[in-house]
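Below: one structure, written as structure tokens.
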Amino acid sequence: MKKISVVVPVYNEEKGICHFLSKDLIPELNRLEDKYNFELILVNDGSSDNTLTILQSFINDNKKTLNSPIKLVAFARNFGKEIALSAGIKEATGDAVLTIDADGQQPPKEIHKFIESWENGNEIIVGVRDHFTKHGFIPRLGSKMFYKLFRIMGNKDTVPGSTDFRLMDREVVDEYNKFTEHNRITRGLIDWMGYKKEYINYVYGNRFAGKPSYTFKKLFKLAIDSFVSMSDTPLVIFGYLGSLISIFSALLGLFIIINQYVLGDPLRLYWNGAVQMTVFITFLIGLVMISQYVTALYISHIHSETQNRPLYIISKKNSKNLKK
Ligand code: UDP
Ligand code: MG
């Protein structure tokens, strides 16, 4: 029987975690247990409330009643969801790994769809949440802008609304485990890898309890991290701007010289020294920005070298007769 590992990152979820595990996730896994073995991996991301104790006693109390073994990875401090996911994925031994939030917003009753899609030969199955119905105006706008920018910056593979509610084939997991970059955004990396994907829409529920720990500040950092780690557009964008400024002011300068000194100002503009100086300085500012751009190019190369990503990802399923 195939085994599926279920990874759940947990941070300060003392109010809802027991309910989520015993009323939501585990019953759903039990339903699927005649066809699959499961392994549950809980990652306590250095919670500052009672989550750790609750998880420990949950595992102790249910040792005999559970069919699926439960592993608990306890971080020594809060490292953030992205790292928690990576730790859980590394610990997984299943033929596929499913990641799901601990707050009930990603409904376990959809899990069977992910598994079916995997059985149909898809290697990455991505949960796409519905159109942000349950959020306020500002988060909705922020999220929309994030995906727009993310795509503009060259991450065309990322579908808006795609979440960490995902299932990955073992082959994908093994490749994912090779990544060494520290500032990682799991979704972005998985999308970057390629492989055969399918998207499954689901309704993003309400939290069982507690508050989302992603404050605006954390989300902002996450957005910046994803831009910086997945694209070098932020580095080079000022270079483009500088080029535009320089070209524009050079043309304007040329116009001034010809109009004033060659043709004798037939347009009667009477542009004085201050105007000429401004145009000249603007031109120089553009040049400075271009030179920064050149530096940025080198930095962006260093950046991609230090990320030390695998050079390429091979699809073992589609290749033939490779050496082991
Ligand atoms: N989480 C985590 N570490 C953190 C923040 C959150 O492991 O530093 C977990 C959290 O317990 C939940 C999931 O990541 O299972 C999603 O977090 P949250 O609900 O705060 O985010 P949102 O639903 O807004 O994406
Ligand atoms: Mg949530």
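Identifiers for the structure tokens are assigned positionally: chains receive A, B, ... in sequence, residues are indexed from 1 per chain, and ligands are indexed from 1 in the order shown.
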
Taking only C-alpha atoms and all ligand atoms into account, which residues are within 6 Å of ligand 1, as a list in words? Pro9, Val10, Tyr11, Glu13, Asp45, Asn78, Gly80, Lys81, Ala84, Asp101, Ala102, Asp103, Pro212, Ser213 and Tyr214 of chain A

Writer output for current selection, N, CA and C atoms, as a compact mmCIF listing (two decimals), in the first residue's frame:
```
# COMPACT_ATOMS: atom_id res chain seq x y z
N PRO A 9 2.44 22.47 9.62
CA PRO A 9 3.19 23.44 10.42
C PRO A 9 2.27 24.05 11.46
N VAL A 10 2.73 24.11 12.70
CA VAL A 10 1.87 24.61 13.78
C VAL A 10 2.58 25.69 14.58
N TYR A 11 1.96 26.84 14.66
CA TYR A 11 2.54 27.93 15.44
C TYR A 11 1.44 28.63 16.23
N GLU A 13 -1.19 27.64 18.00
CA GLU A 13 -2.54 27.21 17.64
C GLU A 13 -3.20 26.48 18.80
N ASP A 45 6.45 25.09 15.35
CA ASP A 45 7.39 26.12 14.93
C ASP A 45 7.70 27.06 16.09
N ASN A 78 10.87 30.03 16.93
CA ASN A 78 10.06 30.25 15.75
C ASN A 78 10.94 30.56 14.54
N GLY A 80 9.50 30.36 11.32
CA GLY A 80 8.61 30.76 10.23
C GLY A 80 8.07 29.55 9.47
N LYS A 81 6.92 29.75 8.87
CA LYS A 81 6.21 28.65 8.23
C LYS A 81 7.01 27.98 7.10
N ALA A 84 9.43 25.68 8.61
CA ALA A 84 8.70 24.58 9.25
C ALA A 84 8.26 23.56 8.20
N ASP A 101 -2.31 23.51 6.35
CA ASP A 101 -2.27 24.40 7.52
C ASP A 101 -3.01 23.78 8.70
N ALA A 102 -2.65 24.25 9.89
CA ALA A 102 -3.21 23.67 11.12
C ALA A 102 -4.46 24.39 11.60
N ASP A 103 -4.89 25.42 10.88
CA ASP A 103 -5.98 26.25 11.41
C ASP A 103 -7.34 25.94 10.82
N PRO A 212 -4.69 34.72 12.74
CA PRO A 212 -3.59 34.42 11.84
C PRO A 212 -2.32 35.05 12.38
N SER A 213 -1.24 34.27 12.38
CA SER A 213 -0.02 34.83 12.94
C SER A 213 0.75 35.62 11.91
N TYR A 214 0.24 35.58 10.68
CA TYR A 214 0.87 36.40 9.68
C TYR A 214 0.37 37.82 9.79
```

Can you build me a table of range 157-191 of chain A residues sitting at most 6 Å from range 110-133 of chain A, with the closest atom pair per residue and its distance in Å to one decimal, using only C-alpha atoms, sorted by chain and residue number, as a tab-separated table?
```
residue	atom	partner	partner_atom	distance
A:Gly161	CA	A:Val128	CA	5.2
A:Ser162	CA	A:Val128	CA	4.2
A:Thr163	CA	A:Gly127	CA	5.7
A:Phe165	CA	A:Gly127	CA	5.1
A:Arg166	CA	A:Val126	CA	4.7
A:Leu167	CA	A:Ile125	CA	5.1
A:Met168	CA	A:Ile124	CA	4.7
A:Asp169	CA	A:Glu123	CA	5.0
```

Suppose we keep N, CA, C and O atoms; can you now write the selection as a PDB file, in the first residue's frame?
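The result, written out as result.pdb:
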```
ATOM      1  N   GLY A 161      -3.553  32.937  -6.175  1.00  0.00           N
ATOM      2  CA  GLY A 161      -4.361  32.203  -5.208  1.00  0.00           C
ATOM      3  C   GLY A 161      -3.813  30.830  -4.873  1.00  0.00           C
ATOM      4  O   GLY A 161      -4.389  30.120  -4.062  1.00  0.00           O
ATOM      5  N   SER A 162      -2.687  30.436  -5.513  1.00  0.00           N
ATOM      6  CA  SER A 162      -2.157  29.113  -5.185  1.00  0.00           C
ATOM      7  C   SER A 162      -1.539  29.150  -3.790  1.00  0.00           C
ATOM      8  O   SER A 162      -0.934  30.133  -3.391  1.00  0.00           O
ATOM      9  N   THR A 163      -1.752  28.088  -3.038  1.00  0.00           N
ATOM     10  CA  THR A 163      -1.380  28.093  -1.625  1.00  0.00           C
ATOM     11  C   THR A 163      -0.409  26.949  -1.324  1.00  0.00           C
ATOM     12  O   THR A 163       0.009  26.222  -2.216  1.00  0.00           O
ATOM     13  N   PHE A 165      -1.299  24.450   0.384  1.00  0.00           N
ATOM     14  CA  PHE A 165      -2.087  23.224   0.460  1.00  0.00           C
ATOM     15  C   PHE A 165      -1.735  22.436  -0.800  1.00  0.00           C
ATOM     16  O   PHE A 165      -2.261  22.701  -1.871  1.00  0.00           O
ATOM     17  N   ARG A 166      -0.790  21.510  -0.656  1.00  0.00           N
ATOM     18  CA  ARG A 166      -0.194  20.874  -1.831  1.00  0.00           C
ATOM     19  C   ARG A 166       0.116  19.421  -1.599  1.00  0.00           C
ATOM     20  O   ARG A 166       0.337  19.010  -0.468  1.00  0.00           O
ATOM     21  N   LEU A 167       0.204  18.685  -2.679  1.00  0.00           N
ATOM     22  CA  LEU A 167       0.705  17.324  -2.600  1.00  0.00           C
ATOM     23  C   LEU A 167       1.838  17.186  -3.605  1.00  0.00           C
ATOM     24  O   LEU A 167       1.748  17.691  -4.726  1.00  0.00           O
ATOM     25  N   MET A 168       2.931  16.570  -3.154  1.00  0.00           N
ATOM     26  CA  MET A 168       4.088  16.396  -4.030  1.00  0.00           C
ATOM     27  C   MET A 168       4.468  14.930  -4.101  1.00  0.00           C
ATOM     28  O   MET A 168       4.472  14.246  -3.079  1.00  0.00           O
ATOM     29  N   ASP A 169       4.802  14.497  -5.284  1.00  0.00           N
ATOM     30  CA  ASP A 169       5.288  13.139  -5.458  1.00  0.00           C
ATOM     31  C   ASP A 169       6.667  12.986  -4.811  1.00  0.00           C
ATOM     32  O   ASP A 169       7.412  13.962  -4.687  1.00  0.00           O
TER      33      ASP A 169
END
```

When you draw a straight line from CA of Phe20 in chain A to CA of Gly104 in chain A, how long is it in Å?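 Going from CA of Phe20 in chain A over to CA of Gly104 in chain A covers 6.1 Å.
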
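Here the question is which of A:Ser246, A:Asn37, A:Thr306, A:Asn12 gets nearest to ligand 2 using only C-alpha atoms and all ligand atoms, and that residue is A:Asn12.
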
Tell me which of A:Tyr261, A:Phe75, A:Tyr204, A:Phe58 sits closest to Gly46 in chain A, counting only C-alpha atoms.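 Using only C-alpha atoms, Gly46 in chain A sits closest to A:Phe75.
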
From the DSSP assignment of the backbone, select every residue of range 25-126 of chain A that is alpha helix (DSSP H), and format the answer as a ChimeraX atom specification. /A:26-31,51-61,81-91,111-119

Which of these residues is nearest to Pro234 in chain A, using only C-alpha atoms: A:Gly205, A:Tyr293, A:Ile59, A:Lys35?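 The answer is A:Tyr293, which sits nearest to Pro234 in chain A.
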
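In this structure, CA of Val43 in chain A sits 24.8 Å away from CA of Gln307 in chain A.
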
Distance criterion (only C-alpha atoms): nearest to Thr93 in chain A out of A:Leu40, A:Val236, A:Ala274, A:Ile314: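 Selected residue with least distance to Thr93 in chain A: A:Leu40.
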
From the set A:Gly194, A:Asp24, A:Ser300, A:Gly253, which residue has the shortest atom-to-atom contact distance to Ile281 in chain A, counting only C-alpha atoms?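 Looking only at the distances to Ile281 in chain A, the closest residue turns out to be A:Gly253.
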
Shortest contact to Leu219 in chain A, candidates A:Ile54, A:Ile185, A:Ile83, A:Ile26, atoms counted only C-alpha atoms, goes to A:Ile185

Record the distance separating CA of Gly242 in chain A and CA of Ile290 in chain A, expressed in Å with one decimal.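 Between CA of Gly242 in chain A and CA of Ile290 in chain A the gap is 5.4 Å.
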
Excluding same-chain residues fewer than 5 positions from Lys221 in chain A, what lies within 12 Å of it counting only C-alpha atoms, as a ChimeraX atom specification? /A:80,146,183-185,214-216,226-229

Considering only C-alpha atoms, return as a JSON list (two decimals) with all heavy atoms, in the first residue's frame whatever protein or nucleic-acid residues lie within 10 Å of Asp232 in chain A, sequence-local ones (same chain, fewer than 5 positions apart) excluded.
```
[["chain", "number", "residue", "atom", "x", "y", "z"],
["A", 153, "MET", "N", 7.46, 39.92, -12.42],
["A", 153, "MET", "CA", 8.88, 39.71, -12.18],
["A", 153, "MET", "C", 9.36, 38.37, -12.74],
["A", 153, "MET", "O", 10.43, 37.90, -12.37],
["A", 153, "MET", "CB", 9.16, 39.78, -10.70],
["A", 153, "MET", "CG", 8.97, 41.16, -10.16],
["A", 153, "MET", "SD", 9.57, 41.25, -8.52],
["A", 153, "MET", "CE", 8.97, 42.84, -8.04],
["A", 154, "GLY", "N", 8.56, 37.76, -13.55],
["A", 154, "GLY", "CA", 9.07, 36.61, -14.26],
["A", 154, "GLY", "C", 8.68, 35.26, -13.69],
["A", 154, "GLY", "O", 9.15, 34.23, -14.14],
["A", 227, "PHE", "N", 10.00, 38.11, -3.71],
["A", 227, "PHE", "CA", 10.49, 38.87, -4.86],
["A", 227, "PHE", "C", 12.00, 38.72, -4.99],
["A", 227, "PHE", "O", 12.54, 38.42, -6.04],
["A", 227, "PHE", "CB", 10.16, 40.35, -4.72],
["A", 227, "PHE", "CG", 8.69, 40.64, -4.80],
["A", 227, "PHE", "CD1", 8.15, 41.74, -4.18],
["A", 227, "PHE", "CD2", 7.84, 39.79, -5.50],
["A", 227, "PHE", "CE1", 6.79, 42.01, -4.25],
["A", 227, "PHE", "CE2", 6.49, 40.05, -5.58],
["A", 227, "PHE", "CZ", 5.97, 41.15, -4.94],
["A", 237, "ILE", "N", 15.59, 47.06, -11.81],
["A", 237, "ILE", "CA", 14.55, 47.96, -12.28],
["A", 237, "ILE", "C", 15.03, 49.41, -12.33],
["A", 237, "ILE", "O", 14.69, 50.17, -13.24],
["A", 237, "ILE", "CB", 13.28, 47.81, -11.43],
["A", 237, "ILE", "CG1", 12.09, 48.38, -12.18],
["A", 237, "ILE", "CG2", 13.40, 48.48, -10.08],
["A", 237, "ILE", "CD1", 10.80, 47.75, -11.77],
["A", 296, "ALA", "N", 24.50, 46.03, -9.93],
["A", 296, "ALA", "CA", 23.38, 45.15, -9.59],
["A", 296, "ALA", "C", 23.43, 43.85, -10.37],
["A", 296, "ALA", "O", 23.12, 42.78, -9.84],
["A", 296, "ALA", "CB", 22.06, 45.86, -9.83],
["A", 297, "LEU", "N", 23.85, 43.94, -11.63],
["A", 297, "LEU", "CA", 23.94, 42.73, -12.44],
["A", 297, "LEU", "C", 24.92, 41.75, -11.82],
["A", 297, "LEU", "O", 24.64, 40.55, -11.73],
["A", 297, "LEU", "CB", 24.40, 43.07, -13.86],
["A", 297, "LEU", "CG", 23.35, 43.66, -14.77],
["A", 297, "LEU", "CD1", 23.92, 43.84, -16.17],
["A", 297, "LEU", "CD2", 22.13, 42.75, -14.83],
["A", 299, "ILE", "N", 25.83, 41.68, -8.66],
["A", 299, "ILE", "CA", 25.24, 41.18, -7.41],
["A", 299, "ILE", "C", 24.20, 40.10, -7.71],
["A", 299, "ILE", "O", 24.13, 39.09, -7.02],
["A", 299, "ILE", "CB", 24.60, 42.34, -6.61],
["A", 299, "ILE", "CG1", 25.69, 43.30, -6.15],
["A", 299, "ILE", "CG2", 23.84, 41.80, -5.40],
["A", 299, "ILE", "CD1", 25.17, 44.50, -5.40],
["A", 300, "SER", "N", 23.43, 40.30, -8.76],
["A", 300, "SER", "CA", 22.38, 39.32, -9.05],
["A", 300, "SER", "C", 23.01, 37.99, -9.46],
["A", 300, "SER", "O", 22.48, 36.92, -9.16],
["A", 300, "SER", "CB", 21.41, 39.85, -10.10],
["A", 300, "SER", "OG", 21.62, 39.25, -11.34],
["A", 301, "HIS", "N", 24.20, 38.06, -10.10],
["A", 301, "HIS", "CA", 24.89, 36.81, -10.41],
["A", 301, "HIS", "C", 25.41, 36.14, -9.14],
["A", 301, "HIS", "O", 25.24, 34.93, -8.96],
["A", 301, "HIS", "CB", 26.05, 37.05, -11.39],
["A", 301, "HIS", "CG", 25.57, 37.13, -12.80],
["A", 301, "HIS", "ND1", 26.04, 36.32, -13.81],
["A", 301, "HIS", "CD2", 24.61, 37.90, -13.36],
["A", 301, "HIS", "CE1", 25.41, 36.61, -14.93],
["A", 301, "HIS", "NE2", 24.54, 37.57, -14.69],
["A", 303, "HIS", "N", 24.19, 36.51, -6.25],
["A", 303, "HIS", "CA", 22.97, 36.06, -5.58],
["A", 303, "HIS", "C", 22.56, 34.67, -6.06],
["A", 303, "HIS", "O", 22.33, 33.77, -5.27],
["A", 303, "HIS", "CB", 21.89, 37.10, -5.86],
["A", 303, "HIS", "CG", 20.52, 36.76, -5.36],
["A", 303, "HIS", "ND1", 20.23, 36.67, -4.03],
["A", 303, "HIS", "CD2", 19.37, 36.50, -6.02],
["A", 303, "HIS", "CE1", 18.96, 36.38, -3.88],
["A", 303, "HIS", "NE2", 18.41, 36.26, -5.08],
["A", 304, "SER", "N", 22.54, 34.49, -7.38],
["A", 304, "SER", "CA", 22.07, 33.20, -7.86],
["A", 304, "SER", "C", 23.12, 32.11, -7.64],
["A", 304, "SER", "O", 22.78, 30.95, -7.47],
["A", 304, "SER", "CB", 21.62, 33.26, -9.33],
["A", 304, "SER", "OG", 22.73, 33.44, -10.15]]
```

List every residue of range 95-214 of chain A that DSSP, applied to the backbone of this structure, places in strand (DSSP E), and write the result as a PyMOL selection string. chain A and resi 96-99+124-129+162-169+197-202

Next, the residues of the selection above should be written as an mmCIF file, in the first residue's frame with N, CA, C and O atoms.
```cif
data_model
loop_
_atom_site.group_PDB
_atom_site.id
_atom_site.type_symbol
_atom_site.label_atom_id
_atom_site.label_comp_id
_atom_site.auth_asym_id
_atom_site.auth_seq_id
_atom_site.Cartn_x
_atom_site.Cartn_y
_atom_site.Cartn_z
ATOM 1 N N ALA A 96 4.327 10.145 -1.251
ATOM 2 C CA ALA A 96 3.917 11.508 -1.589
ATOM 3 C C ALA A 96 3.826 12.290 -0.292
ATOM 4 O O ALA A 96 3.692 11.706 0.782
ATOM 5 N N VAL A 97 3.937 13.593 -0.385
ATOM 6 C CA VAL A 97 3.844 14.431 0.812
ATOM 7 C C VAL A 97 2.770 15.484 0.604
ATOM 8 O O VAL A 97 2.750 16.171 -0.423
ATOM 9 N N LEU A 98 1.873 15.583 1.583
ATOM 10 C CA LEU A 98 0.833 16.600 1.524
ATOM 11 C C LEU A 98 1.116 17.625 2.614
ATOM 12 O O LEU A 98 1.443 17.265 3.740
ATOM 13 N N THR A 99 1.035 18.912 2.274
ATOM 14 C CA THR A 99 1.202 19.937 3.305
ATOM 15 C C THR A 99 -0.126 20.654 3.503
ATOM 16 O O THR A 99 -0.833 20.952 2.533
ATOM 17 N N ILE A 124 2.799 17.378 -8.977
ATOM 18 C CA ILE A 124 2.575 18.429 -7.971
ATOM 19 C C ILE A 124 1.112 18.847 -8.075
ATOM 20 O O ILE A 124 0.652 19.247 -9.146
ATOM 21 N N ILE A 125 0.409 18.755 -6.976
ATOM 22 C CA ILE A 125 -0.988 19.157 -7.003
ATOM 23 C C ILE A 125 -1.131 20.353 -6.062
ATOM 24 O O ILE A 125 -0.803 20.286 -4.884
ATOM 25 N N VAL A 126 -1.570 21.468 -6.645
ATOM 26 C CA VAL A 126 -1.583 22.739 -5.936
ATOM 27 C C VAL A 126 -3.008 23.145 -5.595
ATOM 28 O O VAL A 126 -3.867 23.199 -6.470
ATOM 29 N N GLY A 127 -3.248 23.424 -4.327
ATOM 30 C CA GLY A 127 -4.550 23.937 -3.927
ATOM 31 C C GLY A 127 -4.640 25.424 -4.234
ATOM 32 O O GLY A 127 -3.771 26.199 -3.848
ATOM 33 N N VAL A 128 -5.672 25.809 -4.971
ATOM 34 C CA VAL A 128 -5.880 27.226 -5.291
ATOM 35 C C VAL A 128 -7.112 27.688 -4.542
ATOM 36 O O VAL A 128 -8.185 27.119 -4.694
ATOM 37 N N ARG A 129 -6.937 28.715 -3.716
ATOM 38 C CA ARG A 129 -8.094 29.118 -2.937
ATOM 39 C C ARG A 129 -9.037 29.990 -3.748
ATOM 40 O O ARG A 129 -8.633 30.647 -4.707
ATOM 41 N N SER A 162 -2.687 30.436 -5.513
ATOM 42 C CA SER A 162 -2.157 29.113 -5.185
ATOM 43 C C SER A 162 -1.539 29.150 -3.790
ATOM 44 O O SER A 162 -0.934 30.133 -3.391
ATOM 45 N N THR A 163 -1.752 28.088 -3.038
ATOM 46 C CA THR A 163 -1.380 28.093 -1.625
ATOM 47 C C THR A 163 -0.409 26.949 -1.324
ATOM 48 O O THR A 163 0.009 26.222 -2.216
ATOM 49 N N ASP A 164 -0.116 26.822 -0.031
ATOM 50 C CA ASP A 164 0.755 25.728 0.413
ATOM 51 C C ASP A 164 -0.017 24.445 0.657
ATOM 52 O O ASP A 164 0.551 23.476 1.127
ATOM 53 N N PHE A 165 -1.299 24.450 0.384
ATOM 54 C CA PHE A 165 -2.087 23.224 0.460
ATOM 55 C C PHE A 165 -1.735 22.436 -0.800
ATOM 56 O O PHE A 165 -2.261 22.701 -1.871
ATOM 57 N N ARG A 166 -0.790 21.510 -0.656
ATOM 58 C CA ARG A 166 -0.194 20.874 -1.831
ATOM 59 C C ARG A 166 0.116 19.421 -1.599
ATOM 60 O O ARG A 166 0.337 19.010 -0.468
ATOM 61 N N LEU A 167 0.204 18.685 -2.679
ATOM 62 C CA LEU A 167 0.705 17.324 -2.600
ATOM 63 C C LEU A 167 1.838 17.186 -3.605
ATOM 64 O O LEU A 167 1.748 17.691 -4.726
ATOM 65 N N MET A 168 2.931 16.570 -3.154
ATOM 66 C CA MET A 168 4.088 16.396 -4.030
ATOM 67 C C MET A 168 4.468 14.930 -4.101
ATOM 68 O O MET A 168 4.472 14.246 -3.079
ATOM 69 N N ASP A 169 4.802 14.497 -5.284
ATOM 70 C CA ASP A 169 5.288 13.139 -5.458
ATOM 71 C C ASP A 169 6.667 12.986 -4.811
ATOM 72 O O ASP A 169 7.412 13.962 -4.687
ATOM 73 N N LYS A 197 1.886 19.473 -13.214
ATOM 74 C CA LYS A 197 1.084 20.079 -12.147
ATOM 75 C C LYS A 197 -0.398 19.990 -12.431
ATOM 76 O O LYS A 197 -0.839 20.026 -13.574
ATOM 77 N N GLU A 198 -1.159 19.922 -11.341
ATOM 78 C CA GLU A 198 -2.586 20.159 -11.494
ATOM 79 C C GLU A 198 -3.039 21.097 -10.378
ATOM 80 O O GLU A 198 -2.496 21.081 -9.281
ATOM 81 N N TYR A 199 -4.038 21.911 -10.701
ATOM 82 C CA TYR A 199 -4.544 22.873 -9.725
ATOM 83 C C TYR A 199 -5.933 22.446 -9.273
ATOM 84 O O TYR A 199 -6.766 22.074 -10.100
ATOM 85 N N ILE A 200 -6.137 22.490 -7.974
ATOM 86 C CA ILE A 200 -7.441 22.112 -7.440
ATOM 87 C C ILE A 200 -7.990 23.294 -6.653
ATOM 88 O O ILE A 200 -7.346 23.796 -5.735
ATOM 89 N N ASN A 201 -9.179 23.747 -7.059
ATOM 90 C CA ASN A 201 -9.775 24.880 -6.349
ATOM 91 C C ASN A 201 -10.428 24.407 -5.062
ATOM 92 O O ASN A 201 -11.024 23.340 -5.030
ATOM 93 N N TYR A 202 -10.297 25.191 -4.015
ATOM 94 C CA TYR A 202 -10.994 24.863 -2.784
ATOM 95 C C TYR A 202 -11.457 26.143 -2.122
ATOM 96 O O TYR A 202 -10.962 27.230 -2.417
#
```

Would you kindly return, as a PyMOL selection string, each protein, DNA or RNA residue with an atom no farther than 8 Å from any atom of Pro160 in chain A, considering only C-alpha atoms and excluding same-chain residues fewer than 4 positions away? chain A and resi 128+144+147-148
